[in-house]
Each structure stands twice: as structure tokens, then as C-alpha cells.
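Data block below; observations after.
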Amino acid sequence: MNPTTPEHQLFSGEGAWAAFRAWLADQQFSQLVTLVDANTLRYCWPLVQQQLDLAGDPIEMPAGEANKNLHTAATLWRTLMDKGVDRHSLVLNLGGGVVTDMGGFIASTFKRGIPFVHIPTSLLGMVDAAIGGKTGIDLDHTKNIVGTFCKPDALVIDPVFLKTLPLEERRSGFAEMLKHGLVQDDSLWRDLSTLRTFDALDPEYVLRAIAAKIKVVDQDPREGGFRKILNFGHTLGHALESRALQSGVPIRHGEAVAAGMLLEAWLSMTHNRLAWVDWIIIRETIQRFFLPLDFSLLDPDGCMPYVIQDKKNRAGAIRLVMLRRPGKTEWDVEVTQDQIRAALLVYPTLF
């Protein structure tokens with residue numbers, strides 16, 4: 001299966017690296033530079049260097065969400081200048097969501113935009129962060145508040161990288177796979193919701209999740225309407241992630257999104273959109289795979305400033321994605337601060 005569309009040059013499956021090498025040769029880039037973090041430098045760079053016969057050392061950025069900021073961006077822009085990168089050069093972003101978010105951002109803004117390719121190495125990167133042409137960095141702990149819409153020139157998906165991931169990282173990516181199923185592909189949701197462990201996570205599920213997101217993005221590349229369904233779980237999830245970052249004890253993106261999906265599904269149910277039986281299955285599935293967050297993160301006064309800053313809001317109104325059933329959603333649903341507070345306060349009772 002290779003869910004390539006005209007909008008996404010995607011190399012996956014058997015022969016992916018050979019096809020990508022041929023593509024690179026056709027493009028005739030003036031220079032290739034690779035962005036890594038400490039983890040991908042150690043575990044993933046040797047494979048990519050061998051597959052692409054790359055000379056020289058990659059550019060290393062500090063690992064972790066706490067470093068996805070303007071200071072790191074400025075350092076990377078200066079490094080590109082020092083390396084003589086021009087508008088015909090190519091940036092290879094080798095890493096998880098932080099590297100692809102940051103690498104896409106610096107490439108899309110350097111010299112008003114230079115080509116870049118994502119080679120995601122985490123499950124989260126493969127099924128979500130690397131797809132769709134969103135780039136972003138955090139500002140004052142607010143998640144992805146600065147960024148651009150800019151598609152990578154290509155994506156390279158190699159499941160071999162997943163073998164390097166600890167359980168916590170695979171769980172983080174799995175949250176986005178569940179979300180893709182809930183908002184777009186009810187068949188994928190049914191299959192994933194019946195799994196008992198991550199050991200049963202067949203690579204075919206990964207490709208199906210990628211295909212589900214690509215299908216949405218290609219219909220609405222700049223999030224004018226339909227693409228907003230991909231934000232399910234993210235209004236509250238991003239608030240929780242930002243709150244944790246501010247506290248100095250960051251949580252993984254997928255952990256926050258899982259909690260956000262749980263709460264936004266609860267709101268969907270209490271707003272008479274989602275059937276009670278569907279809510280119970282969603283709740284049980286998230287409970288099976290995710291541990292509860294530290295309840296102190298759910299403090300409404302601490303979370304509300306981040307909810308108010310959410311990018312989906314309009315004219316001061318908080319807007320959510322709500323579920324009607326798996327595979328069927330409604331976006332731009334206006335909710336009140338009191339309703340958000342009620343959801344945050346109910347969280348401890350859901351586990």
C-alpha cells in the first residue's frame with residue numbers, strides 16, 4: 001500500500017529508498033543538509049547516511065519540545081547561512097514531531113522558503129506531524145502558535161525506525177492514529193479499538209492512518225473548513241501540553257491528545273451529539289492504552305489561558321471539534337468557558 005496522491009510525494013514500502021534516491025537525482029539539488037536531534041543522530045542517521053550515501057555531518061538540534069522555540073530557530077538559520085545553503089538546497093528533516101515541525105519551519109522561512117523533505121522516525125511523526133504541510137514552533141509555552149503552511153517536497157516512511165522507539169513514544173503516536181480513525185475512518189477506528197496491546201500494531205495500520213490524514217489534508221490544505229476535524233482532542237490537549245511545559249515537567253504530545261480526546265468526546269456526549277454507547281467504547285479504549293495525567297494539570301485556572309489562545313477560536317469564542325459517531329464529526333462548535341471548566345473537573349472521575 002502506498003497512499004501517494006498528487007499532493008503528497010510519498011515513498012514507503014519495499015523499494016522506498018531506491019525510489020527516493022532516484023527522485024533526488026532527478027531534482028539536482030545544489031546541496032543536501034540533514035537536521036537531526038541527539039536521538040536520531042545516534043539511532044537513525046547511520047541508516048540514512050548509508051542509504052543516501054551522504055557525506056559530512058548533519059545539523060543537530062537539542063531534543064525535546066522545550067527546544068522548539070525561536071532561540072533554536074535562530075541558531076539553525078545561522079547554521080544554514082554558515083553552510084552556504086541557497087534556495088536550491090534541500091533540508092532533510094530526520095526525526096520525530098519536534099524535528100519535522102522545526103525543520104519545516106526553518107526551511108519554509110529561510111530565504112523565503114527552500115525545499116525540504118521529512119523522514120519521520122517516530123510513530124507520531126509518521127502518522128501526523130510530518131503529514132499535511134503544517135510547520136510550527138512554540139512561543140512562551142503556547143504550542144505551535146508560530147508557524148506556516150508549507151508542504152514538504154516529499155515524505156519517506158520506513159517502519160524500521162519504529163524499532164528504535166520506547167513504549168512511551170509508540171503510545172504517543174498511537175493517540176493520533178486513534179484520532180484519525182475517530183474523525184475520518186471508522187473502519188480503522190474499529191480495528192484499533194479492538195487491539196489489546198501495541199505488540200499487535202501491524203505496519204499496515206500505520207499506512208492506513210497515513211492515508212486517512214492525507215485524504216483529509218488534500219481536500220482542505222489550508223484548514224479552511226473540513227481539515228479542522230483533525231483538531232479533535234487538540235483544543236484541550238494542547239492546553240494540557242502547554243500547561244505541562246510551563247510547569248517544567250513536559251508530557252508527550254500523544255498523552256495530552258489522548259486526554260483531550262477523552263474530554264472532548266465527553267463534551268460531545270453531554271451535548272447530545274455522540275451516543276452513549278460510542279462514548280463508552282472511546283473511554284474504555286483510551287483507558288486501556290493511556291495512563292491518567294497528573295490531576296494538577298487539569299486545573300481550570302491554569303489551563304484556561306491556553307484554551308483561549310487556541311488557533312481555532314474566532315472572535316473570542318472557543319470552538320471545538322465534536323464527534324457525532326466514529327468517522328463523523330462536526331467542527332467549529334462553540335462552547336463556553338464554564339463547559340470547558342466542567343470537562344477539566346470531570347477528568348479524575350473518568351479513570
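All residue names refer to the C-alpha cells as shown: chains lettered A, B, ... in order, residues numbered from 1 in each chain, ligands numbered from 1 in order.
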**Report entry** All helix (DSSP H, G or I) residues (DSSP, backbone) inside range 178-267 of chain A, as a VMD selection string
**Finding:** chain A and resid 178 to 183 186 to 193 198 to 200 203 to 219 226 to 231 234 to 247 253 to 267
Go ahead and dump the residues you just picked, C-alpha atoms, as a compact mmCIF listing (two decimals), in the first residue's frame.
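Contents of the output file again-v7.txt:
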# COMPACT_ATOMS: atom_id res chain seq x y z
CA LEU A 178 -6.91 6.63 17.12
CA LYS A 179 -7.88 10.20 16.31
CA HIS A 180 -7.56 9.68 12.55
CA GLY A 181 -9.89 6.71 12.88
CA LEU A 182 -12.41 8.58 15.03
CA VAL A 183 -12.69 11.58 12.73
CA ASP A 186 -14.49 4.31 11.25
CA SER A 187 -13.07 1.02 9.94
CA LEU A 188 -9.60 1.97 11.16
CA TRP A 189 -11.10 3.02 14.50
CA ARG A 190 -12.86 -0.32 14.93
CA ASP A 191 -9.67 -2.25 14.18
CA LEU A 192 -7.51 -0.15 16.51
CA SER A 193 -10.06 -0.08 19.33
CA PHE A 198 0.90 -2.37 20.99
CA ASP A 199 2.55 -5.64 20.00
CA ALA A 200 -0.32 -6.12 17.57
CA PRO A 203 2.67 -1.59 9.91
CA GLU A 204 -0.43 -1.81 7.72
CA TYR A 205 -2.32 0.14 10.39
CA VAL A 206 0.34 2.86 10.20
CA LEU A 207 -0.13 3.18 6.44
CA ARG A 208 -3.90 3.28 6.84
CA ALA A 209 -3.58 6.10 9.37
CA ILE A 210 -1.30 8.00 6.98
CA ALA A 211 -3.82 7.51 4.17
CA ALA A 212 -6.66 8.78 6.38
CA LYS A 213 -4.86 12.02 7.17
CA ILE A 214 -3.71 12.56 3.58
CA LYS A 215 -7.32 12.17 2.42
CA VAL A 216 -8.40 14.99 4.72
CA VAL A 217 -5.47 17.30 4.01
CA ASP A 218 -5.79 17.03 0.25
CA GLN A 219 -9.41 18.21 0.43
CA PHE A 226 -13.08 20.24 6.63
CA ARG A 227 -9.46 19.81 7.75
CA LYS A 228 -10.44 21.19 11.15
CA ILE A 229 -11.71 17.71 12.03
CA LEU A 230 -8.06 16.73 12.58
CA ASN A 231 -8.05 19.04 15.59
CA HIS A 234 -6.32 19.16 20.40
CA THR A 235 -8.03 22.20 21.93
CA LEU A 236 -7.82 20.70 25.39
CA GLY A 237 -4.84 18.52 24.50
CA HIS A 238 -2.67 21.46 23.50
CA ALA A 239 -3.76 23.35 26.62
CA LEU A 240 -2.66 20.43 28.80
CA GLU A 241 0.60 20.06 26.88
CA SER A 242 1.33 23.79 27.24
CA ARG A 243 0.43 23.70 30.94
CA ALA A 244 2.85 20.81 31.50
CA LEU A 245 5.58 22.59 29.55
CA GLN A 246 5.10 25.67 31.71
CA SER A 247 5.31 23.55 34.86
CA HIS A 253 2.00 15.12 22.71
CA GLY A 254 0.05 11.88 22.40
CA GLU A 255 -0.58 11.71 26.13
CA ALA A 256 -2.09 15.19 26.01
CA VAL A 257 -4.13 14.43 22.89
CA ALA A 258 -5.50 11.22 24.43
CA ALA A 259 -6.70 13.21 27.43
CA GLY A 260 -8.06 15.89 25.10
CA MET A 261 -9.98 13.30 23.05
CA LEU A 262 -11.42 11.79 26.22
CA LEU A 263 -12.68 15.18 27.40
CA GLU A 264 -13.89 16.38 24.00
CA ALA A 265 -15.72 13.08 23.48
CA TRP A 266 -17.34 13.59 26.88
CA LEU A 267 -18.39 17.08 25.80
Report task. Would you mind listing what lies within 8 Å of Val36 in chain A as a list in words, with only C-alpha atoms counted and same-chain residues fewer than 5 positions away left out? Result -> Leu41, Trp45, Pro58, Ile59, Glu60, Met61, Asn93, Leu94, Gly95 and Val99 of chain A
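For the set A:Arg283, A:Arg288, A:Lys151, A:His271, the residue with the smallest atom-to-atom gap to Leu323 in chain A is A:His271, counting only C-alpha atoms.
Separating CA of Gln337 in chain A from CA of Ile137 in chain A is a distance of 26.1 Å.
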Query raised in the report: Skipping near chain neighbours, those fewer than 3 positions away, what residues fall within 8 Å of Cys44 in chain A using only C-alpha atoms, listed as a PyMOL selection string?
Result: chain A and resi 39-41+47-48+94+121+161
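Residues of range 141-315 of chain A carrying a DSSP assignment of strand (DSSP E), computed from the backbone, are Thr142, Lys143, Asn144, Ile145, Val146, Ala154, Leu155, Val156 and Ile157 of chain A.
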Requested in this report: Write out as a PyMOL selection string the residues lying within 9 Å of range 19-21 of chain A, counting only C-alpha atoms and excluding same-chain residues fewer than 3 positions away.
Outcome: chain A and resi 10-11+15-16+24-26+51-52+154+156
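Residue nearest Pro115 in chain A within the list A:Ser296, A:Thr75, A:Gln28, A:Asn272: A:Gln28 [criterion: smallest interatomic distance, only C-alpha atoms].
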**Report entry** Spatial neighbours of range 142-150 of chain A, 9 Å, only C-alpha atoms, chain gap at least 4 places, as a PyMOL selection string
**Finding:** chain A and resi 68+101+104-105+108-109+113+132-138+221-222+238-239+241-243+245-246+306+309-311
Report summary line: Among A:Ile286, A:Pro159, A:His118, A:Gly248, Arg171 in chain A is approached most closely, using only C-alpha atoms, by A:Ile286
Requested in this report: For each of A:Asp153, A:Asp128, A:Glu334, A:Asp301, take the minimum atom-to-atom distance to Phe116 in chain A, counting only C-alpha atoms, then give the residue where this is smallest.
Outcome: A:Asp153
Query - Long-range neighbours of range 79-86 of chain A as number ranges by chain, 12 Å cut-off, only C-alpha atoms, 5 positions minimum in chain - result: A: 29-35, 56-61, 72-74, 91, 103, 106-107, 109-115
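The gap separating CA of Phe290 in chain A from CA of Phe174 in chain A is 9.9 Å, in Å to one decimal.
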Query raised in the report: Expressed in Å to a single decimal, how great is the separation between CA of Trp331 in chain A and CA of Thr270 in chain A?
Result: 16.1 Å
Report summary line: From the list A:Leu155, A:Leu293, A:Ile340, A:Ile281, the nearest residue to Pro305 in chain A using only C-alpha atoms is A:Ile340
